[in-house]
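For reference, the structure discussed in these notes is given below.
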Amino acid sequence: MRKISKKHVPGANHKTPDAMDDKMRESTNLEPPSDFADPRLRRGFDPVAWPLCNGNSGPVPGATDLYERRCVEFLAAYYRLNQFNRRLLVARQNSAPDKKIRSIVARINAATVALEKLEDRYAPMGFFGEPVMDGVFYRDIVFVRPELPRVYPALQSSHIAIPGLEQIPPSELCGPVKILRVGDGKMDF
Amino acid sequence: MEKWIFENWLSPGDIVVLTAAIRDLHRAYPGRFLTDVRTSCPALWEHNPYVTQLKKEDAEVRSMVCHYPLIHRCNSTPYHFIHGFIEYLNEELGLRIRPTEFKGDIYLRDEEKQKPGLVEETLGESLPYCIITAGGKYDYTIKWWHRRRWQEVVDHFKGRLVFVQVGEKGHYHPPLKNVLDFRGKTTLRDLVRLVYQADGILCPVTLHMHLAAAVPLPPGRKRLRSCVVIAGGREPVHWEQYPGHHFLHTIGALECCAAGGCWKSRTIALGDGSMLDAPAALCLDVTSKGLPQCMETISARQVWEACELAIGSNRLTLGKRK
């Protein structure tokens, strides 16, 4: 249902237009934090744990496109989970001490919470990655969409023959705005 | 006999409501009108006995785009959306149509009713199921609830109730676990069939809520089809709620919807150039979880309790269809 609020809602917590402008700017610029570090640029990066992005190798390190940077932020979160999941697998295969296993599980939990926070941050704009699993590993992340299609103002003009319009006297077509109803039994204007 | 083509190119939910107005027009003036429609959803008019094929070129045929300006008074006047198109037709055509039923008017062929449902075809057996719509379009993002909360509700019923997730491809419908995933796989007509067999519907304010009321019930079912609507504070309850629906809302509970629906459009601006990004159309109270406060206020527990009540009221034994 389409209705854009034009009215004042009594009792509503109305913010000043300036505050709303700030809010708008802030939200349209949802992007990775300035201190985000791409794991691929770190020493010891493990390419096997890095998931695919929409079935491909994904954005190159240092990509500047906002959509690609958002993807990389999610991929990094899944990468951490893949790393810890593999460590857990290896630790269990090697019958590692409980303390070590508990420590890895705690890190998996922390990485899961971090991923959920990331999802929460982007939830209002509907951006998220849908993982394709291979056992316990995240092999591919399919992102919902690229940027929303832009809506551009368009200028269109056309000439429409309105039957009956010629019968309106010229004197009625100037001066203050008037609302006229024209009909020919087929269409109403 | 007056020949009219009624037009509307809004969303499917609006078209479902228009079907009610056309039904009531004919009931108020039997034999006076021949009507055809031009809308965004022809599938919703299939088998509708009030639709007669008319040609615009025919000199006797008139056409009119249908609106519902009543919406601008909905916070303060005692009307349902069902009244919207009816009032418009009354005003424009000088009629006195009255609503005759509290629902839209969707028809299924006998064949559609008799053949096994999509869920039965998939699972190989007839189980009670609930349709879940865990998202929506990108235009009115303020209607979205959080996907982990949807998941909590599904998890609560694990092993007891089948959830069928639906949603149009290209819209925001994050995947849920432990559901039958029909996202992007149903045509509008498939959806009508899916609703026909469904025991319940769980959704935000959207098409599925209108279908829950408008699609007829299978033979032998007398109770209203359950529908739990996670509505928040955008729209006034009396404007949207259908009989038997559980409408979870916050109207009157929060500052931003203290006196009625806020009618905002988006939680945050999406930067797509849409007028719905305008400051006046944005939520005034967004929580740290990225939800409008009104949606944050509705907990998963509230929703599953409403579902249990709704499904229980249909006297269904979870896990078996009676």
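Identifiers in this document derive from the order of the structure tokens: chains are assigned A, B, ..., residues are numbered from 1 separately in each chain, and ligands are numbered from 1 in order of occurrence.
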- Please identify all polymer residues within 8 Å of Ser265 of chain B, counting only C-alpha atoms, omitting same-chain residues fewer than 3 positions from it, and present them as an MDAnalysis selection string. (chainID A and resid 4) or (chainID B and resid 139:142 276 281:283)
- Item | Residue neighbourhood segment 187-195 of chain B, 9 Å, only C-alpha atoms, exclusion window fewer than 6 positions, as a VMD selection string | chain B and resid 12 41 43 to 44 46 106 to 108 112 to 113 117 to 119 130 to 131 166 168 201 208 211 to 212 215
- Message: Give me the residues near segment 74-76 of chain A as a list in words, where near means some atom within 9 Å (using only C-alpha atoms) and where sequence neighbours in that chain fewer than 3 positions away do not count.
- Response: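 Skipping anything fewer than 3 positions along the chain leaves Ala37, Asp38, Pro39, Arg40, Trp50, Pro51, Leu52, Cys53, Arg69, Arg70, Cys71, Tyr79, Arg80, Leu81, Leu115, Leu118, Glu119, Phe128, Gly129, Asp140 and Ile141 of chain A.
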Shell of 12 Å around Trp9 of chain B, only C-alpha atoms, local chain residues under 5 positions omitted, as a short mmCIF file (atom, residue, chain, number, x, y, z; two decimals) with N, CA and C atoms, in the first residue's frame:
```cif
data_model
loop_
_atom_site.label_atom_id
_atom_site.label_comp_id
_atom_site.auth_asym_id
_atom_site.auth_seq_id
_atom_site.Cartn_x
_atom_site.Cartn_y
_atom_site.Cartn_z
N MET A 1 0.84 -1.17 0.00
CA MET A 1 0.00 0.00 0.00
C MET A 1 0.88 1.24 0.00
N ARG A 2 0.57 2.18 -0.84
CA ARG A 2 1.43 3.34 -0.99
C ARG A 2 0.85 4.55 -0.29
N ASP B 14 -2.93 -4.50 -3.20
CA ASP B 14 -3.95 -3.51 -3.56
C ASP B 14 -4.96 -4.12 -4.54
N ILE B 15 -4.46 -4.96 -5.42
CA ILE B 15 -5.34 -5.55 -6.43
C ILE B 15 -6.32 -6.52 -5.75
N VAL B 16 -5.83 -7.25 -4.75
CA VAL B 16 -6.73 -8.16 -4.01
C VAL B 16 -7.88 -7.34 -3.41
N LEU B 18 -9.02 -4.54 -4.51
CA LEU B 18 -9.89 -4.06 -5.60
C LEU B 18 -10.92 -5.14 -6.00
N VAL B 37 -11.10 -5.40 -16.20
CA VAL B 37 -10.04 -4.77 -15.42
C VAL B 37 -8.74 -4.75 -16.22
N ARG B 38 -7.93 -3.78 -15.91
CA ARG B 38 -6.54 -3.72 -16.39
C ARG B 38 -5.70 -3.45 -15.15
N THR B 39 -5.02 -4.47 -14.70
CA THR B 39 -4.24 -4.30 -13.47
C THR B 39 -2.87 -4.94 -13.61
N SER B 40 -2.08 -4.73 -12.59
CA SER B 40 -0.72 -5.28 -12.58
C SER B 40 -0.73 -6.79 -12.35
N CYS B 41 -1.84 -7.37 -11.96
CA CYS B 41 -1.86 -8.79 -11.60
C CYS B 41 -3.06 -9.52 -12.22
N PRO B 42 -3.02 -9.82 -13.50
CA PRO B 42 -4.13 -10.56 -14.12
C PRO B 42 -4.42 -11.88 -13.42
N MET B 64 -11.52 3.86 -16.12
CA MET B 64 -11.20 4.71 -14.98
C MET B 64 -10.09 4.06 -14.15
N VAL B 65 -9.11 4.86 -13.77
CA VAL B 65 -8.09 4.36 -12.85
C VAL B 65 -8.65 4.46 -11.43
N CYS B 66 -8.60 3.37 -10.71
CA CYS B 66 -9.19 3.36 -9.36
C CYS B 66 -8.15 3.75 -8.31
N HIS B 67 -8.53 4.62 -7.44
CA HIS B 67 -7.67 5.04 -6.32
C HIS B 67 -8.39 4.77 -5.01
#
```
What are the nearest atom pairs, with distances in Å to one decimal, for all residues of chain B that come at most 8 Å from chain A, using only C-alpha atoms, set out by chain and rising residue number as a tab-separated table?
```
residue	atom	partner	partner_atom	distance
B:Leu10	CA	A:Met1	CA	7.9
B:Ser11	CA	A:Met1	CA	7.1
B:Gly13	CA	A:Met1	CA	7.2
B:Asp14	CA	A:Met1	CA	6.4
B:Ala59	CA	A:Lys186	CA	6.4
B:Glu60	CA	A:Lys186	CA	6.8
B:Val61	CA	A:Lys186	CA	6.1
B:Arg62	CA	A:Lys186	CA	4.5
B:Ser63	CA	A:Met187	CA	6.2
B:Met64	CA	A:Asp188	CA	7.6
B:Ile71	CA	A:Lys3	CA	7.6
B:His72	CA	A:Lys3	CA	7.9
B:Tyr138	CA	A:Gly126	CA	7.7
B:Thr141	CA	A:Pro124	CA	7.1
B:His146	CA	A:Ala123	CA	7.6
B:Gly170	CA	A:Arg145	CA	7.6
B:Tyr172	CA	A:Gly126	CA	6.0
B:Pro174	CA	A:Glu130	CA	7.6
B:Pro175	CA	A:Glu130	CA	7.2
B:Glu255	CA	A:Ala12	CA	4.9
B:Cys256	CA	A:Ala12	CA	4.1
B:Cys257	CA	A:Ala12	CA	6.5
B:Ala258	CA	A:Gly11	CA	6.0
B:Ala259	CA	A:Pro10	CA	6.1
B:Gly260	CA	A:Val9	CA	7.5
B:Cys262	CA	A:Val9	CA	6.8
B:Trp263	CA	A:Ser5	CA	5.3
B:Lys264	CA	A:Ser5	CA	6.0
B:Ser265	CA	A:Ile4	CA	6.8
B:Thr267	CA	A:Pro124	CA	6.0
B:Ile268	CA	A:Ser27	CA	5.7
B:Ala269	CA	A:Thr28	CA	5.4
B:Leu270	CA	A:Thr28	CA	5.3
B:Gly271	CA	A:Thr28	CA	5.1
B:Asp272	CA	A:Arg150	CA	4.6
B:Gly273	CA	A:Val151	CA	4.8
B:Ser274	CA	A:Val151	CA	5.6
B:Leu276	CA	A:Ile4	CA	7.8
B:Asp277	CA	A:Met24	CA	7.6
B:Pro279	CA	A:Met20	CA	5.6
B:Ala280	CA	A:Ser5	CA	7.1
B:Ala281	CA	A:Ile4	CA	6.3
B:Leu284	CA	A:Asn13	CA	6.9
B:Lys289	CA	A:Asp120	CA	5.5
B:Gly290	CA	A:Pro124	CA	5.3
B:Leu291	CA	A:Pro124	CA	6.6
```
- Message: Give me the residues near Gly167 of chain B as a list in words, where near means some atom within 8 Å (using only C-alpha atoms) and where sequence neighbours in that chain fewer than 2 positions away do not count.
- Response: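 So the residues in contact are Thr133, Ala134, Gly135, Gly136, Gln165, Lys169, His171, Tyr172, His173, Phe182, Arg183 and Gly184 of chain B.
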The selected residues should be written to file as a PDB file, in the first residue's frame (atoms: N, CA and C atoms).
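Written output follows (out_14.pdb):
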```pdb
ATOM      1  N   THR B 133       6.421 -15.344   5.203  1.00  0.00           N
ATOM      2  CA  THR B 133       6.971 -14.299   4.323  1.00  0.00           C
ATOM      3  C   THR B 133       7.906 -13.455   5.172  1.00  0.00           C
ATOM      4  N   ALA B 134       9.178 -13.782   5.125  1.00  0.00           N
ATOM      5  CA  ALA B 134      10.130 -13.145   6.038  1.00  0.00           C
ATOM      6  C   ALA B 134      10.870 -11.997   5.367  1.00  0.00           C
ATOM      7  N   GLY B 135      10.130 -11.107   4.773  1.00  0.00           N
ATOM      8  CA  GLY B 135      10.783  -9.972   4.119  1.00  0.00           C
ATOM      9  C   GLY B 135       9.780  -9.205   3.295  1.00  0.00           C
ATOM     10  N   GLY B 136      10.272  -8.579   2.260  1.00  0.00           N
ATOM     11  CA  GLY B 136       9.367  -7.804   1.420  1.00  0.00           C
ATOM     12  C   GLY B 136      10.114  -7.048   0.342  1.00  0.00           C
ATOM     13  N   GLN B 165       8.517 -21.119   3.041  1.00  0.00           N
ATOM     14  CA  GLN B 165       8.950 -19.725   2.846  1.00  0.00           C
ATOM     15  C   GLN B 165       8.692 -19.296   1.409  1.00  0.00           C
ATOM     16  N   LYS B 169      11.364 -13.252  -6.214  1.00  0.00           N
ATOM     17  CA  LYS B 169      12.776 -13.128  -6.554  1.00  0.00           C
ATOM     18  C   LYS B 169      13.096 -11.646  -6.760  1.00  0.00           C
ATOM     19  N   HIS B 171      13.230  -9.478  -4.408  1.00  0.00           N
ATOM     20  CA  HIS B 171      12.868  -8.757  -3.200  1.00  0.00           C
ATOM     21  C   HIS B 171      13.732  -9.274  -2.048  1.00  0.00           C
ATOM     22  N   TYR B 172      13.578  -8.649  -0.894  1.00  0.00           N
ATOM     23  CA  TYR B 172      14.392  -9.030   0.257  1.00  0.00           C
ATOM     24  C   TYR B 172      13.721 -10.173   1.019  1.00  0.00           C
ATOM     25  N   HIS B 173      14.227 -11.370   0.822  1.00  0.00           N
ATOM     26  CA  HIS B 173      13.690 -12.521   1.535  1.00  0.00           C
ATOM     27  C   HIS B 173      14.851 -13.395   1.973  1.00  0.00           C
ATOM     28  N   PHE B 182      10.386 -22.014  -1.047  1.00  0.00           N
ATOM     29  CA  PHE B 182       9.693 -21.734  -2.317  1.00  0.00           C
ATOM     30  C   PHE B 182       9.959 -20.311  -2.788  1.00  0.00           C
ATOM     31  N   ARG B 183      10.997 -19.686  -2.234  1.00  0.00           N
ATOM     32  CA  ARG B 183      11.290 -18.310  -2.646  1.00  0.00           C
ATOM     33  C   ARG B 183      11.610 -18.269  -4.138  1.00  0.00           C
ATOM     34  N   GLY B 184      10.978 -17.382  -4.818  1.00  0.00           N
ATOM     35  CA  GLY B 184      11.258 -17.201  -6.242  1.00  0.00           C
ATOM     36  C   GLY B 184      10.783 -18.358  -7.103  1.00  0.00           C
TER      37      GLY B 184
END
```
- as an NGL selection string, list the residues of segment 1-182 of chain B assigned to alpha helix (DSSP H) by DSSP on the backbone atoms of this structure. :B and (12-28 or 81-93 or 110-114 or 118-123 or 147-156)
Let me see the file: selected residues, C-alpha atoms, as an mmCIF file, in the first residue's frame.
```
data_model
loop_
_atom_site.group_PDB
_atom_site.id
_atom_site.type_symbol
_atom_site.label_atom_id
_atom_site.label_comp_id
_atom_site.auth_asym_id
_atom_site.auth_seq_id
_atom_site.Cartn_x
_atom_site.Cartn_y
_atom_site.Cartn_z
ATOM 1 C CA PRO B 12 -0.752 -7.243 -5.716
ATOM 2 C CA GLY B 13 -2.124 -6.554 -2.234
ATOM 3 C CA ASP B 14 -3.951 -3.507 -3.563
ATOM 4 C CA ILE B 15 -5.344 -5.548 -6.427
ATOM 5 C CA VAL B 16 -6.729 -8.155 -4.014
ATOM 6 C CA VAL B 17 -8.586 -5.348 -2.265
ATOM 7 C CA LEU B 18 -9.892 -4.064 -5.604
ATOM 8 C CA THR B 19 -11.473 -7.471 -6.248
ATOM 9 C CA ALA B 20 -13.723 -6.819 -3.238
ATOM 10 C CA ALA B 21 -14.909 -3.508 -4.677
ATOM 11 C CA ILE B 22 -15.800 -5.068 -8.037
ATOM 12 C CA ARG B 23 -17.722 -7.850 -6.296
ATOM 13 C CA ASP B 24 -19.627 -5.354 -4.176
ATOM 14 C CA LEU B 25 -20.356 -3.114 -7.159
ATOM 15 C CA HIS B 26 -22.125 -6.015 -8.866
ATOM 16 C CA ARG B 27 -23.933 -7.068 -5.718
ATOM 17 C CA ALA B 28 -25.192 -3.526 -5.163
ATOM 18 C CA PHE B 81 -8.895 -0.735 3.315
ATOM 19 C CA ILE B 82 -11.851 -2.663 1.833
ATOM 20 C CA HIS B 83 -13.786 0.631 1.934
ATOM 21 C CA GLY B 84 -11.066 2.458 0.009
ATOM 22 C CA PHE B 85 -11.903 1.565 -3.588
ATOM 23 C CA ILE B 86 -15.610 1.322 -2.804
ATOM 24 C CA GLU B 87 -15.746 4.906 -1.569
ATOM 25 C CA TYR B 88 -13.850 6.035 -4.640
ATOM 26 C CA LEU B 89 -16.284 4.311 -6.996
ATOM 27 C CA ASN B 90 -19.189 5.777 -5.052
ATOM 28 C CA GLU B 91 -17.758 9.277 -5.348
ATOM 29 C CA GLU B 92 -16.790 9.041 -8.995
ATOM 30 C CA LEU B 93 -19.821 7.206 -10.314
ATOM 31 C CA ASP B 110 -12.301 -26.839 -9.347
ATOM 32 C CA GLU B 111 -9.243 -28.421 -10.914
ATOM 33 C CA GLU B 112 -6.978 -26.078 -8.962
ATOM 34 C CA LYS B 113 -8.765 -26.939 -5.758
ATOM 35 C CA GLN B 114 -8.723 -30.681 -6.326
ATOM 36 C CA LEU B 118 2.408 -27.737 -4.030
ATOM 37 C CA VAL B 119 3.561 -28.777 -0.585
ATOM 38 C CA GLU B 120 1.992 -32.203 -0.909
ATOM 39 C CA GLU B 121 3.616 -32.571 -4.327
ATOM 40 C CA THR B 122 6.976 -31.740 -2.797
ATOM 41 C CA LEU B 123 6.736 -33.741 0.420
ATOM 42 C CA ARG B 147 15.437 -12.497 9.951
ATOM 43 C CA ARG B 148 16.805 -14.127 13.096
ATOM 44 C CA ARG B 149 13.468 -13.529 14.787
ATOM 45 C CA TRP B 150 11.660 -15.199 11.906
ATOM 46 C CA GLN B 151 14.086 -18.087 12.361
ATOM 47 C CA GLU B 152 13.354 -18.259 16.094
ATOM 48 C CA VAL B 153 9.672 -18.672 15.325
ATOM 49 C CA VAL B 154 10.365 -21.458 12.821
ATOM 50 C CA ASP B 155 12.689 -23.162 15.286
ATOM 51 C CA HIS B 156 10.049 -23.036 17.994
#
```
- Message: Using Å and a single decimal, report how far atom CA of Arg223 of chain B sits from atom CA of Tyr196 of chain B.
- Response: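 Straight-line distance from atom CA of Tyr196 of chain B to atom CA of Arg223 of chain B works out to 13.2 Å.
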- Query: Quick one: of B:Ala231, B:Glu125, B:His245, B:Lys3, who's nearest to Gly31 of chain B, counting only C-alpha atoms?
  - Reply: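 That would be B:Lys3, the residue with the smallest distance to Gly31 of chain B.
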- Message: Report, in Å to a single decimal, how far apart atom CA of Trp239 of chain B and atom CA of Glu296 of chain B are.
- Response: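 Calculated distance between atom CA of Glu296 of chain B and atom CA of Trp239 of chain B is 21.9 Å.
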- Query: Of the residues B:Val237, B:Ile251, B:Leu161, B:Ala213, which is the one nearest to Arg225 of chain B, using only C-alpha atoms?
  - Reply: B:Ala213
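Of the residues listed (A:Thr112, A:Lys99, A:Asp65, A:Val136), A:Val136 shows the shortest atom-to-atom separation from Asn85 of chain A; distances use only C-alpha atoms.
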Could you give me, as a PDB file with N, CA and C atoms, in the first residue's frame, the residues within 9 Å of Phe137 of chain A, counting only C-alpha atoms and dropping anything in the same chain fewer than 4 positions from it?
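Result saved to out.pdb:
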```pdb
ATOM      1  N   ALA A  49      40.632 -21.031   2.937  1.00  0.00           N
ATOM      2  CA  ALA A  49      39.506 -20.679   3.812  1.00  0.00           C
ATOM      3  C   ALA A  49      38.709 -19.479   3.294  1.00  0.00           C
ATOM      4  N   PRO A  51      36.123 -17.782   1.110  1.00  0.00           N
ATOM      5  CA  PRO A  51      35.008 -18.276   0.279  1.00  0.00           C
ATOM      6  C   PRO A  51      34.932 -17.564  -1.071  1.00  0.00           C
ATOM      7  N   TYR A  78      33.143 -14.666   7.133  1.00  0.00           N
ATOM      8  CA  TYR A  78      33.015 -16.106   6.869  1.00  0.00           C
ATOM      9  C   TYR A  78      34.387 -16.787   6.833  1.00  0.00           C
ATOM     10  N   LEU A  81      35.354 -17.697  10.259  1.00  0.00           N
ATOM     11  CA  LEU A  81      34.629 -18.903  10.704  1.00  0.00           C
ATOM     12  C   LEU A  81      35.215 -20.159  10.076  1.00  0.00           C
ATOM     13  N   ASN A  82      35.555 -20.089   8.816  1.00  0.00           N
ATOM     14  CA  ASN A  82      36.173 -21.244   8.145  1.00  0.00           C
ATOM     15  C   ASN A  82      37.486 -21.634   8.812  1.00  0.00           C
ATOM     16  N   GLN A  83      38.261 -20.609   9.155  1.00  0.00           N
ATOM     17  CA  GLN A  83      39.553 -20.896   9.794  1.00  0.00           C
ATOM     18  C   GLN A  83      39.365 -21.632  11.114  1.00  0.00           C
ATOM     19  N   ASN A  85      36.681 -23.193  12.209  1.00  0.00           N
ATOM     20  CA  ASN A  85      36.041 -24.500  12.033  1.00  0.00           C
ATOM     21  C   ASN A  85      37.076 -25.556  11.652  1.00  0.00           C
ATOM     22  N   ARG A  86      38.014 -25.164  10.809  1.00  0.00           N
ATOM     23  CA  ARG A  86      39.034 -26.146  10.409  1.00  0.00           C
ATOM     24  C   ARG A  86      39.957 -26.484  11.583  1.00  0.00           C
ATOM     25  N   VAL A 132      26.782 -20.864   0.829  1.00  0.00           N
ATOM     26  CA  VAL A 132      26.680 -22.221   0.276  1.00  0.00           C
ATOM     27  C   VAL A 132      27.702 -23.056   1.042  1.00  0.00           C
ATOM     28  N   MET A 133      27.189 -24.096   1.722  1.00  0.00           N
ATOM     29  CA  MET A 133      28.054 -24.848   2.632  1.00  0.00           C
ATOM     30  C   MET A 133      28.650 -26.084   1.955  1.00  0.00           C
TER      31      MET A 133
END
```
- Task: Taking the DSSP assignment computed from this structure's backbone, write out as number ranges by chain all residues of segment 120-223 of chain B that belong to strand (DSSP E or B).
- Result: B: 129-132, 136, 162-165, 172, 180-181, 200-204
